[in-house]
Each structure stands twice: as structure tokens, then as C-alpha cells.
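Pasting target.cif here (mmCIF, C-alpha atoms):
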```cif
data_model
#
loop_
_atom_site.label_atom_id
_atom_site.label_comp_id
_atom_site.auth_asym_id
_atom_site.auth_seq_id
_atom_site.Cartn_x
_atom_site.Cartn_y
_atom_site.Cartn_z
CA MET A 1 -18.47 2.01 -40.24
CA THR A 2 -15.49 4.17 -39.30
CA PRO A 3 -14.33 4.44 -35.66
CA LEU A 4 -15.60 8.02 -35.50
CA GLU A 5 -19.01 7.02 -36.83
CA LEU A 6 -19.24 4.06 -34.48
CA SER A 7 -18.19 6.06 -31.43
CA ALA A 8 -20.75 8.78 -32.21
CA SER A 9 -23.46 6.13 -32.49
CA LEU A 10 -22.39 4.49 -29.21
CA PHE A 11 -22.30 7.85 -27.45
CA SER A 12 -25.87 8.63 -28.50
CA CYS A 13 -27.32 5.25 -27.49
CA HIS A 14 -25.50 4.57 -24.21
CA GLU A 15 -28.38 5.54 -21.93
CA ARG A 16 -30.70 3.04 -23.64
CA PHE A 17 -28.48 0.09 -22.82
CA SER A 18 -26.68 1.12 -19.64
CA LEU A 19 -27.51 -0.61 -16.37
CA MET A 20 -28.08 2.58 -14.42
CA HIS A 21 -29.46 0.72 -11.42
CA LEU A 22 -25.81 -0.21 -10.85
CA SER A 23 -23.79 2.55 -9.22
CA PRO A 24 -20.24 2.69 -7.81
CA ILE A 25 -21.37 1.29 -4.46
CA CYS A 26 -22.80 -1.76 -6.30
CA CYS A 27 -19.41 -2.89 -7.62
CA LYS A 28 -19.12 -5.71 -5.13
CA HIS A 29 -19.19 -9.45 -5.61
CA SER A 30 -22.65 -9.95 -4.12
CA PHE A 31 -24.18 -7.33 -6.45
CA LEU A 32 -22.32 -8.09 -9.66
CA LEU A 33 -22.38 -11.88 -9.74
CA PRO A 34 -26.21 -12.16 -10.05
CA GLU A 35 -26.14 -9.42 -12.71
CA LEU A 36 -23.50 -11.29 -14.68
CA ARG A 37 -25.43 -14.53 -14.42
CA ASN A 38 -28.58 -12.84 -15.69
CA ILE A 39 -26.83 -11.27 -18.67
CA VAL A 40 -24.90 -14.40 -19.62
CA GLY A 41 -27.89 -16.68 -19.07
CA GLY A 42 -30.15 -14.49 -21.19
CA SER A 43 -27.66 -13.98 -24.01
CA LYS A 44 -28.48 -17.26 -25.82
CA ALA A 45 -24.84 -18.35 -25.84
CA MET A 46 -23.51 -14.97 -26.95
CA PHE A 47 -21.55 -14.91 -23.69
CA PHE A 48 -20.03 -17.62 -21.58
CA MET A 49 -18.85 -17.23 -18.01
CA GLN A 50 -16.41 -19.37 -16.10
CA GLU A 51 -14.72 -19.10 -12.74
CA ALA A 52 -11.08 -18.18 -13.29
CA GLY A 53 -10.14 -18.60 -9.63
CA LYS A 54 -10.88 -17.36 -6.13
CA SER A 55 -9.76 -14.44 -4.02
CA LEU A 56 -7.91 -14.86 -0.75
CA GLU A 57 -11.25 -14.82 1.11
CA GLY A 58 -12.84 -17.30 -1.27
CA ARG A 59 -14.88 -15.04 -3.55
CA SER A 60 -15.08 -16.20 -7.15
CA ILE A 61 -13.20 -14.26 -9.83
CA ASN A 62 -15.07 -14.71 -13.07
CA ARG A 63 -14.15 -14.43 -16.73
CA VAL A 64 -16.86 -13.46 -19.24
CA ILE A 65 -16.14 -14.55 -22.82
CA PHE A 66 -17.55 -12.94 -25.97
CA GLY A 67 -16.92 -13.97 -29.57
CA LYS A 68 -15.15 -16.80 -31.34
CA GLY A 69 -12.60 -14.95 -33.45
CA PRO A 70 -8.88 -15.64 -33.79
CA VAL A 71 -7.65 -12.52 -31.94
CA ASN A 72 -7.70 -12.90 -28.16
CA VAL A 73 -8.21 -9.73 -26.11
CA LEU A 74 -7.98 -9.70 -22.30
CA LEU A 75 -9.68 -6.91 -20.33
CA TRP A 76 -9.59 -6.63 -16.55
CA SER A 77 -11.12 -4.11 -14.17
CA GLN A 78 -11.16 -3.26 -10.46
CA MET A 79 -7.72 -4.67 -9.79
CA HIS A 80 -7.91 -1.95 -7.15
CA GLY A 81 -11.07 -2.48 -5.14
CA ASP A 82 -11.96 1.21 -4.92
CA GLU A 83 -11.82 1.83 -8.70
CA PRO A 84 -15.24 0.78 -10.07
CA THR A 85 -15.92 3.08 -13.04
CA ALA A 86 -14.70 0.74 -15.78
CA THR A 87 -16.46 -2.20 -14.10
CA LEU A 88 -19.75 -0.38 -14.57
CA ALA A 89 -18.83 0.39 -18.18
CA LEU A 90 -18.12 -3.30 -18.81
CA MET A 91 -21.54 -4.20 -17.42
CA ASP A 92 -23.05 -1.66 -19.84
CA ILE A 93 -21.04 -3.21 -22.68
CA PHE A 94 -22.39 -6.67 -21.83
CA SER A 95 -25.92 -5.27 -21.82
CA PHE A 96 -25.39 -3.52 -25.17
CA LEU A 97 -23.90 -6.55 -26.92
CA ALA A 98 -26.58 -8.88 -25.57
CA GLN A 99 -29.30 -6.63 -26.94
CA ASN A 100 -27.62 -5.95 -30.30
CA LYS A 101 -26.38 -9.41 -31.23
CA SER A 102 -27.88 -9.22 -34.74
CA GLU A 103 -26.27 -5.87 -35.61
CA PRO A 104 -23.93 -6.54 -38.56
CA TRP A 105 -20.91 -4.91 -36.90
CA VAL A 106 -21.50 -6.85 -33.67
CA VAL A 107 -21.70 -10.10 -35.66
CA ARG A 108 -18.44 -9.25 -37.44
CA LEU A 109 -16.84 -8.36 -34.12
CA SER A 110 -17.81 -11.72 -32.63
CA GLU A 111 -16.23 -13.45 -35.62
CA SER A 112 -12.98 -11.49 -35.55
CA ILE A 113 -12.05 -11.41 -31.85
CA THR A 114 -12.56 -13.37 -28.67
CA ALA A 115 -12.81 -10.93 -25.76
CA HIS A 116 -12.13 -12.22 -22.27
CA PHE A 117 -13.42 -9.85 -19.57
CA ILE A 118 -12.53 -10.07 -15.88
CA PRO A 119 -14.86 -7.37 -14.53
CA LEU A 120 -13.99 -7.72 -10.82
CA LEU A 121 -10.43 -8.89 -10.22
CA ASN A 122 -10.15 -7.84 -6.57
CA PRO A 123 -13.49 -8.74 -4.95
CA ASP A 124 -12.06 -8.67 -1.40
CA GLY A 125 -10.81 -5.12 -1.89
CA ALA A 126 -14.12 -4.14 -3.50
CA GLU A 127 -15.97 -5.47 -0.44
CA ARG A 128 -14.11 -2.94 1.72
CA PHE A 129 -13.93 -0.29 -1.02
CA ARG A 130 -10.17 -0.10 -0.67
CA ARG A 131 -7.28 -0.31 -3.10
CA PHE A 132 -5.54 -3.37 -1.69
CA THR A 133 -6.35 -7.08 -1.55
CA ALA A 134 -7.39 -8.74 1.72
CA ALA A 135 -3.68 -9.35 2.31
CA GLY A 136 -3.01 -5.60 2.15
CA ILE A 137 -1.04 -5.96 -1.09
CA ASP A 138 -1.36 -3.69 -4.10
CA MET A 139 -2.06 -6.27 -6.80
CA ASN A 140 -0.61 -4.00 -9.47
CA ARG A 141 2.76 -4.33 -7.76
CA ASP A 142 2.49 -8.12 -7.58
CA ALA A 143 3.06 -9.10 -11.22
CA ARG A 144 6.57 -10.31 -10.45
CA ASN A 145 6.23 -12.03 -7.05
CA LEU A 146 2.67 -13.33 -7.59
CA ALA A 147 2.12 -13.46 -3.83
CA THR A 148 -1.65 -12.99 -4.03
CA PRO A 149 -4.17 -15.47 -5.46
CA GLU A 150 -5.75 -12.63 -7.42
CA ALA A 151 -2.49 -11.82 -9.21
CA ASN A 152 -2.09 -15.50 -10.01
CA VAL A 153 -5.57 -15.56 -11.56
CA LEU A 154 -4.60 -12.77 -13.94
CA ARG A 155 -1.21 -14.26 -14.75
CA GLU A 156 -2.74 -17.68 -15.42
CA ALA A 157 -5.37 -16.14 -17.70
CA HIS A 158 -2.59 -14.44 -19.62
CA GLN A 159 -0.58 -17.65 -19.92
CA LEU A 160 -3.65 -19.59 -21.06
CA LEU A 161 -4.89 -17.07 -23.62
CA ARG A 162 -1.70 -15.41 -24.85
CA PRO A 163 -3.81 -12.38 -25.81
CA ALA A 164 -2.75 -10.10 -28.62
CA PHE A 165 -4.18 -7.08 -26.77
CA GLY A 166 -4.80 -6.21 -23.15
CA PHE A 167 -6.88 -3.48 -21.49
CA ASN A 168 -5.86 -2.53 -17.95
CA LEU A 169 -8.79 -0.55 -16.50
CA HIS A 170 -8.45 1.75 -13.49
CA ASP A 171 -9.63 4.95 -11.80
CA GLN A 172 -7.17 7.73 -11.06
CA GLY A 173 -7.03 10.54 -8.54
CA LEU A 174 -8.10 14.08 -9.35
CA SER A 175 -5.75 15.42 -12.02
CA SER A 176 -5.48 18.17 -14.59
CA VAL A 177 -4.36 17.94 -18.20
CA GLY A 178 -0.79 19.08 -17.73
CA ALA A 179 -0.62 22.63 -16.44
CA ALA A 180 -4.05 23.55 -17.79
CA PRO A 181 -6.92 24.15 -15.35
CA SER A 182 -8.87 21.37 -17.09
CA VAL A 183 -9.81 18.13 -15.38
CA THR A 184 -8.53 14.87 -16.84
CA ALA A 185 -11.46 12.72 -17.98
CA LEU A 186 -9.40 9.80 -19.29
CA SER A 187 -5.70 9.10 -19.00
CA LEU A 188 -4.00 6.66 -21.36
CA LEU A 189 -0.70 4.80 -21.28
CA ALA A 190 1.01 2.21 -23.45
CA PRO A 191 3.44 1.01 -20.75
CA ALA A 192 7.16 0.62 -21.38
CA VAL A 193 8.73 -2.80 -21.87
CA ASP A 194 12.08 -1.86 -20.33
CA GLU A 195 13.93 0.93 -18.54
CA ALA A 196 15.10 2.36 -21.86
CA ARG A 197 11.45 2.91 -22.85
CA SER A 198 12.17 1.23 -26.17
CA MET A 199 9.59 1.03 -28.93
CA PRO A 200 9.11 -2.54 -30.17
CA MET A 201 6.11 -3.28 -32.37
CA VAL A 202 4.12 -4.67 -29.42
CA ARG A 203 4.21 -1.26 -27.76
CA ILE A 204 3.60 0.67 -30.98
CA LYS A 205 0.41 -1.33 -31.50
CA ALA A 206 -0.72 -0.40 -27.99
CA MET A 207 0.05 3.23 -28.75
CA ARG A 208 -2.07 3.05 -31.88
CA VAL A 209 -5.00 1.73 -29.84
CA GLY A 210 -4.38 4.60 -27.41
CA ALA A 211 -4.29 7.03 -30.34
CA LEU A 212 -7.63 5.67 -31.55
CA ILE A 213 -9.20 6.12 -28.11
CA ALA A 214 -7.81 9.65 -27.79
CA ARG A 215 -9.15 10.54 -31.21
CA VAL A 216 -12.69 9.28 -30.60
CA VAL A 217 -12.94 10.66 -27.04
CA ASN A 218 -11.78 14.03 -28.33
CA GLN A 219 -15.21 14.35 -30.01
CA PHE A 220 -16.89 14.48 -26.60
CA ALA A 221 -14.22 15.68 -24.17
CA ALA A 222 -11.72 17.73 -26.15
CA GLY A 223 -8.88 18.99 -23.97
CA HIS A 224 -9.60 16.48 -21.20
CA ILE A 225 -7.36 13.55 -22.20
CA ALA A 226 -3.91 13.04 -20.69
CA THR A 227 -1.23 10.40 -20.30
CA TYR A 228 1.00 8.98 -17.57
CA ASP A 229 4.72 8.99 -17.03
CA ASP A 230 5.93 5.86 -18.85
CA THR A 231 8.76 4.97 -16.45
CA PHE A 232 9.14 1.19 -16.54
CA GLU A 233 7.68 -0.59 -13.49
CA PRO A 234 8.63 -4.30 -13.52
CA ARG A 235 6.14 -5.11 -10.74
CA ALA A 236 3.13 -3.78 -12.67
CA PHE A 237 0.90 -5.97 -14.82
CA GLY A 238 0.65 -3.57 -17.74
CA ASP A 239 4.42 -3.31 -18.13
CA THR A 240 4.80 -7.06 -17.60
CA MET A 241 2.21 -8.04 -20.21
CA GLN A 242 3.65 -5.55 -22.69
CA ARG A 243 7.07 -7.12 -22.18
CA LEU A 244 5.57 -10.60 -22.66
CA GLY A 245 4.14 -9.69 -26.06
CA THR A 246 0.60 -8.46 -25.35
CA SER A 247 -0.09 -4.95 -26.67
CA THR A 248 -1.48 -3.42 -23.49
CA ILE A 249 -3.22 -0.10 -23.00
CA LEU A 250 -3.96 1.41 -19.60
CA ILE A 251 -7.19 3.41 -19.35
CA GLU A 252 -7.52 5.48 -16.19
CA SER A 253 -10.95 6.95 -15.44
CA GLY A 254 -10.65 10.49 -14.21
CA GLN A 255 -13.36 12.95 -13.18
CA TRP A 256 -15.84 15.34 -14.72
CA PRO A 257 -17.34 18.57 -13.34
CA GLU A 258 -20.50 18.20 -11.27
CA ASP A 259 -20.55 14.44 -11.84
CA PRO A 260 -19.75 12.72 -8.52
CA GLU A 261 -20.86 9.26 -9.71
CA LYS A 262 -18.69 9.63 -12.85
CA LYS A 263 -21.54 8.77 -15.19
CA PHE A 264 -19.94 10.69 -18.04
CA ILE A 265 -16.61 8.94 -17.48
CA ARG A 266 -18.42 5.60 -17.43
CA LYS A 267 -19.93 6.53 -20.78
CA MET A 268 -16.48 7.44 -22.16
CA ASN A 269 -15.23 3.99 -21.14
CA PHE A 270 -18.21 2.34 -22.84
CA VAL A 271 -17.58 4.23 -26.07
CA SER A 272 -13.78 3.86 -25.96
CA ILE A 273 -13.63 0.14 -25.23
CA LEU A 274 -16.27 -0.91 -27.76
CA THR A 275 -14.76 1.31 -30.46
CA ALA A 276 -11.28 -0.04 -29.71
CA LEU A 277 -12.46 -3.66 -29.84
CA HIS A 278 -14.14 -2.97 -33.19
CA ALA A 279 -10.95 -1.38 -34.54
CA ILE A 280 -8.84 -4.31 -33.33
CA GLY A 281 -11.27 -6.69 -35.00
CA ASP A 282 -11.13 -5.04 -38.41
CA GLY A 283 -7.55 -3.76 -38.10
CA SER A 284 -8.48 -0.10 -38.51
CA TYR A 285 -6.55 0.87 -35.35
CA GLN A 286 -3.44 0.58 -37.55
CA ASP A 287 -4.59 3.55 -39.64
CA VAL A 288 -4.62 6.04 -36.74
CA GLU A 289 -1.73 8.50 -36.58
CA LEU A 290 0.45 7.95 -33.51
CA GLU A 291 0.45 11.71 -32.88
CA HIS A 292 -3.02 11.39 -31.35
CA TYR A 293 -1.28 9.45 -28.55
CA THR A 294 2.25 10.87 -28.52
CA GLY A 295 0.86 14.42 -28.47
CA LEU A 296 -0.90 13.90 -25.14
CA VAL A 297 0.50 15.72 -22.12
CA GLN A 298 0.96 14.10 -18.73
CA ASN A 299 -1.41 14.41 -15.81
CA GLY A 300 -0.89 17.51 -13.71
CA LYS A 301 -2.05 18.80 -10.34
CA ARG A 302 -4.04 21.90 -11.24
CA MET A 303 -7.43 20.77 -9.95
CA PHE A 304 -9.37 20.97 -6.70
CA ASP A 305 -12.55 19.18 -5.71
CA LEU A 306 -14.04 22.54 -4.79
CA MET A 307 -13.00 26.03 -5.81
CA VAL A 308 -14.30 29.20 -4.13
CA ARG A 309 -13.75 32.28 -6.28
CA ASN A 310 -13.69 35.97 -5.34
CA LEU A 311 -13.67 35.67 -1.57
CA VAL A 312 -12.61 38.78 0.37
CA ILE A 313 -10.38 37.74 3.29
CA THR A 314 -9.64 40.20 6.08
CA ARG A 315 -7.63 40.38 9.29
CA ALA A 316 -8.27 42.36 12.47
CA ASP A 317 -5.22 44.52 11.73
CA GLY A 318 -6.92 45.85 8.60
CA TRP A 319 -5.19 43.72 5.97
CA THR A 320 -7.55 42.52 3.21
CA THR A 321 -7.36 40.76 -0.13
CA THR A 322 -9.61 39.11 -2.68
CA SER A 323 -8.61 35.48 -3.11
CA ASP A 324 -9.57 32.11 -4.45
CA VAL A 325 -9.72 29.10 -2.11
CA GLY A 326 -9.02 25.53 -3.27
CA LEU A 327 -10.35 22.58 -1.23
CA LEU A 328 -9.85 18.82 -1.51
CA ILE A 329 -12.07 16.03 -0.18
CA GLN A 330 -10.45 14.23 2.74
CA PRO A 331 -10.59 10.44 3.15
CA GLN A 332 -12.46 9.37 6.26
CA GLY A 333 -11.62 5.90 7.55
CA GLU A 334 -13.12 2.87 5.81
CA GLN A 335 -15.03 4.21 2.82
CA THR A 336 -18.02 2.51 1.24
CA SER A 337 -18.05 4.57 -1.96
CA GLU A 338 -15.93 7.06 -3.84
CA VAL A 339 -18.95 9.34 -4.37
CA PRO A 340 -18.87 12.60 -2.38
CA ASN A 341 -21.91 13.14 -0.17
CA VAL A 342 -23.23 15.51 2.49
CA ASN A 343 -20.82 14.05 5.04
CA SER A 344 -17.72 14.51 2.90
CA LEU A 345 -15.08 16.71 4.49
CA TYR A 346 -13.47 19.42 2.38
CA ALA A 347 -10.09 20.72 3.55
CA VAL A 348 -8.66 24.09 2.56
CA LYS A 349 -5.41 23.41 0.70
CA GLU A 350 -4.53 26.68 -0.99
CA ILE A 351 -5.54 30.34 -0.71
CA GLY A 352 -4.56 33.10 -3.11
CA ASP A 353 -4.24 33.51 -6.85
CA LEU A 354 -5.69 30.29 -8.28
CA LYS A 355 -6.69 31.58 -11.70
CA ASP A 356 -4.65 28.82 -13.33
CA PHE A 357 -6.42 26.09 -11.34
CA GLY A 358 -9.83 24.49 -11.85
CA GLY A 359 -12.45 22.93 -9.62
CA LEU A 360 -14.86 20.05 -10.12
CA SER A 361 -17.35 22.33 -8.40
CA THR A 362 -16.99 26.10 -8.26
CA PHE A 363 -18.67 28.63 -5.99
CA ASP A 364 -18.57 32.36 -6.66
CA ALA A 365 -18.40 34.12 -3.29
CA SER A 366 -19.30 37.40 -5.04
CA ALA A 367 -16.91 39.44 -2.89
CA ARG A 368 -18.34 38.26 0.43
CA THR A 369 -16.04 39.01 3.34
CA ILE A 370 -14.65 36.48 5.82
CA GLN A 371 -12.08 36.59 8.60
CA ALA A 372 -8.77 34.93 7.73
CA ASP A 373 -8.78 32.65 10.79
CA ALA A 374 -12.17 31.20 9.72
CA ILE A 375 -10.88 29.82 6.40
CA GLY A 376 -7.25 28.94 7.16
CA ILE A 377 -5.12 26.24 5.57
CA ASP A 378 -6.17 22.67 6.53
CA LYS A 379 -9.47 23.81 8.05
CA CYS A 380 -12.16 21.24 7.22
CA PHE A 381 -15.82 21.80 6.40
CA ARG A 382 -18.88 19.81 5.46
CA LEU A 383 -20.39 21.27 2.32
CA LYS A 384 -23.38 22.73 4.14
CA GLU A 385 -21.12 24.29 6.77
CA LEU A 386 -19.03 25.95 4.09
CA LYS A 387 -22.10 27.27 2.27
CA ASP A 388 -23.48 28.64 5.52
CA LEU A 389 -20.13 30.27 6.33
CA LEU A 390 -20.02 31.92 2.90
CA GLN A 391 -23.75 32.71 2.92
CA LEU A 392 -24.21 30.87 -0.36
#
```

Take the structure in the file and write it out as C-alpha cells.
Amino acid sequence: MTPLELSASLFSCHERFSLMHLSPICCKHSFLLPELRNIVGGSKAMFFMQEAGKSLEGRSINRVIFGKGPVNVLLWSQMHGDEPTATLALMDIFSFLAQNKSEPWVVRLSESITAHFIPLLNPDGAERFRRFTAAGIDMNRDARNLATPEANVLREAHQLLRPAFGFNLHDQGLSSVGAAPSVTALSLLAPAVDEARSMPMVRIKAMRVGALIARVVNQFAAGHIATYDDTFEPRAFGDTMQRLGTSTILIESGQWPEDPEKKFIRKMNFVSILTALHAIGDGSYQDVELEHYTGLVQNGKRMFDLMVRNLVITRADGWTTTSDVGLLIQPQGEQTSEVPNVNSLYAVKEIGDLKDFGGLSTFDASARTIQADAIGIDKCFRLKELKDLLQL
């Protein structure tokens, strides 16, 4: 089965095997640990789980192991506690593999690789739904100092396994694909190994995995894949593991229109990761042209959470214009979920000609008229308030 055939099959069957009772707010230790135990316990030794260490506040950090092949692959998610999309995709992957253990390609996969998953690396941060560990440290800037117990867990797993490949799984902020008004669904990066951004074979292999992912995702989200600036960051785990000989690919989960829980992005992770593991197992990732990766453009800033089109803005002195209005969701204290809701605050960030910008949600004001001082820059609205104001 080719990567394109496999990815198409995985795309079509995802809903049958996904654990949709798990949502972003469920990506906490108390929710996930029982789920993991159920999957591993019911897998008839297809999976094994072991505690890899503990967080600063004593929560277990667990490693789920699949396969018995010679190629070690290390995958870790939710290094940042408020980035749960790939964690949910990994849970779906566990569910899929457990229910398809007799599929010939799954059997071959289990014989060619050993995949080590750490689905929740920062359980203390996840408990608070915040980026940092309980110590207030960004774990992805702790690969050099290893000040946090969580960073040490990941480093020790790397030292123990010496994986050939690594998958660094994150969520990213709202971004566009370069200067296009198209939202980034997935962003990929094969991190640099040094400041010169040199191209040793370890990095080229990571790029080929990235090229494979870009190629298969392009079937379902063409024009919505981007990359990151590859400036070397010696404190980051991806750069560090690349430098230490593990071909590492960063997958950043972006957004999708009218999909606040990022279910489509979760599905893209499911398809991408399983297809990539299959291609690593049979070596077919080596056949993918690098241009599928090197041709990606970097993330841009041409997106708003909410776009209002064709709004007529007037002033008391008689001035009037038809404009677009771009709004962004504002963080509000200690969050419990990344999912926008009725209490989310939208702040006006730009007014004027926004034809070259996109919105995750778009309202057409249909030439309704509003006073300029009612919709000024940095004014904040709940969604219902804004709809009432615009008579939508």
C-alpha cells in the first residue's frame, strides 16, 4: 500500500476509531490515564505502558510502547500544557491500532518499528491549561539546562532509546500560509542542527518525513500547510535531538474554519502520524521528493479569528466608508480550554481594506451602517453582543 493509498484509507475511517468522547478539555492526567490503561489493558499485549517519570507535582508521565521492530521512534505531545490536539490524535491512533491488530500492514508495522509514545509530557501544565510547567518554565527551552523533571524525563527517554526518528507534537497560534489569506492547518519543521543551518543526513531524513506528510495532507487540505523559520535554537528539544542524531520532525497543529475543537486538525494528525510511521517502517519515506517540504512557505499573520465584511462605518461629521473588521479572541485569565465559547471576548484589531486577510469565521454585514466610535480599535465584544450590534 502506497502512502497516498494508506492516508486516503485512514482519512475515510477515522471517525469509526476516534475517541470522540475525549475533547480538548479532557487532555488532563485524571482523564487520560484511565483511558490509556483501558486501551493498553484491552490490547492483548499489543501495547505496553510504563511510567517514565513524574512531574514536579508528582503526576506520572507515561510511555506507551507499540511494536517490536528494530527502528525506535519517539513521539511526544503536550510538552506545552495548553496544546492538546496531537494528544487526542495519539489516543485515536491507539484506538485504531488496538482494533486493527490483524491488518497485514499493522502487523508489518509492529515488526519493523518500535514506537514509544509520551502522550502527556507536561501534566502539571495541562491541569492548568497553560503552556508552562508548574515551575513556570517553558519545557521546550529547557533541553540544555534540564531544570525541570519533565525535561529530564524526555532527555532520559532519548538517551535510553536512541531513537532513529522523533516526532515533536504541538499546537500553534492562528497563522496564515505565508501572505495568503488561508489558515495554516499544519506547520512542519525539520529543525536545524547548528547556526549555519547545515544539512547533514539526519536532517535530510527528517525533511523527507516532512515532505511525505506535506504530500499526503495536501490531498485533504491543499494550500493549508506551512513551515517555520528554521533558526537554530539550542535550548529546544527538536533542535537538540536533531543534533544528537535523531531525525526529528515538528508538527504544529493549526486551525480550520468553523472548527473550534480542531476536529479536522486532529484527524490530519491521525492520518499524518500513522502514514509517516508506516513509511518509516518500510522505508518509503526515502522516495518522496524533498521539494514537497522545501517548497513550503513560512507561517504568516494574515488571519483573524473573526472577520466582518462589508460594514459601513460613519462619523457624525458625515465621513463614511465601507470596511472590513478583523477581530482576535483575547485570553482571559486562567483558561480551562482553548475552545472559543459564548464567553470568549473578541477584540477589534484592524479596520479597513482586509481583502488579503482571512477569518476562521466570517460575517457579511451586508452594508449595515454603524457609528465609528461603536467599533473602534481594541473594543471588545462577546459574540452575541457583536451580532446584536450588527443586527446579524

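Across the model, the gap from atom CA of A:Val202 to atom CA of A:Val271 is 23.7 Å.
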
Non-local contacts of stretch 357-366 of chain A (7 Å; all atoms listed in the file; under 3 positions in same chain excluded) as a compact mmCIF listing (two decimals) with C-alpha atoms, keeping the file's coordinate frame:
```txt
# COMPACT_ATOMS: atom_id res chain seq x y z
CA PRO A 181 -6.92 24.15 -15.35
CA SER A 182 -8.87 21.37 -17.09
CA TRP A 256 -15.84 15.34 -14.72
CA PRO A 257 -17.34 18.57 -13.34
CA GLU A 258 -20.50 18.20 -11.27
CA ARG A 302 -4.04 21.90 -11.24
CA MET A 303 -7.43 20.77 -9.95
CA PHE A 304 -9.37 20.97 -6.70
CA ASP A 305 -12.55 19.18 -5.71
CA LEU A 306 -14.04 22.54 -4.79
CA MET A 307 -13.00 26.03 -5.81
CA VAL A 308 -14.30 29.20 -4.13
CA ARG A 309 -13.75 32.28 -6.28
CA ASN A 310 -13.69 35.97 -5.34
CA LEU A 311 -13.67 35.67 -1.57
CA LEU A 354 -5.69 30.29 -8.28
CA LEU A 390 -20.02 31.92 2.90
```

Could you tell me, as JSON, numbers by chain, exactly which residues end up selected when the PyMOL selection byres ((chain A and resi 238) around 12) is applied to this structure? {"A": [74, 75, 76, 79, 139, 140, 141, 142, 143, 144, 154, 155, 158, 165, 166, 167, 168, 169, 170, 188, 189, 190, 191, 192, 193, 194, 203, 206, 230, 231, 232, 233, 234, 235, 236, 237, 239, 240, 241, 242, 243, 244, 245, 246, 247, 248, 249, 250, 251]}

Centre and size of axis-aligned box enclosing stretch 292-295 of chain A plus 6 Å each side, as AutoDock Vina command-line options:
```
--center_x -0.4 --center_y 11.9 --center_z -29.9 --size_x 17.3 --size_y 17.0 --size_z 14.9
```

Counting all atoms listed in the file, which residue out of A:Val107, A:Ile329, A:Leu386, A:Ile377 sits closest to A:Lys349? A:Ile377

Taking the file as I've supplied it (selection: the PyMOL selection byres ((chain A and resi 373) around 10)), which residues are included? Please answer as a list in words.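 Those residues are Ile313, Thr314, Arg315, Ala316, Ile370, Gln371, Ala372, Ala374, Ile375, Gly376, Ile377 and Lys379 of chain A.
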
Convert the output of the PyMOL selection byres ((chain A and resi 346) around 8) on the shown file into explicit residues, formatted as a PyMOL selection string. chain A and resi 306+327-330+344-345+347-348+380-383
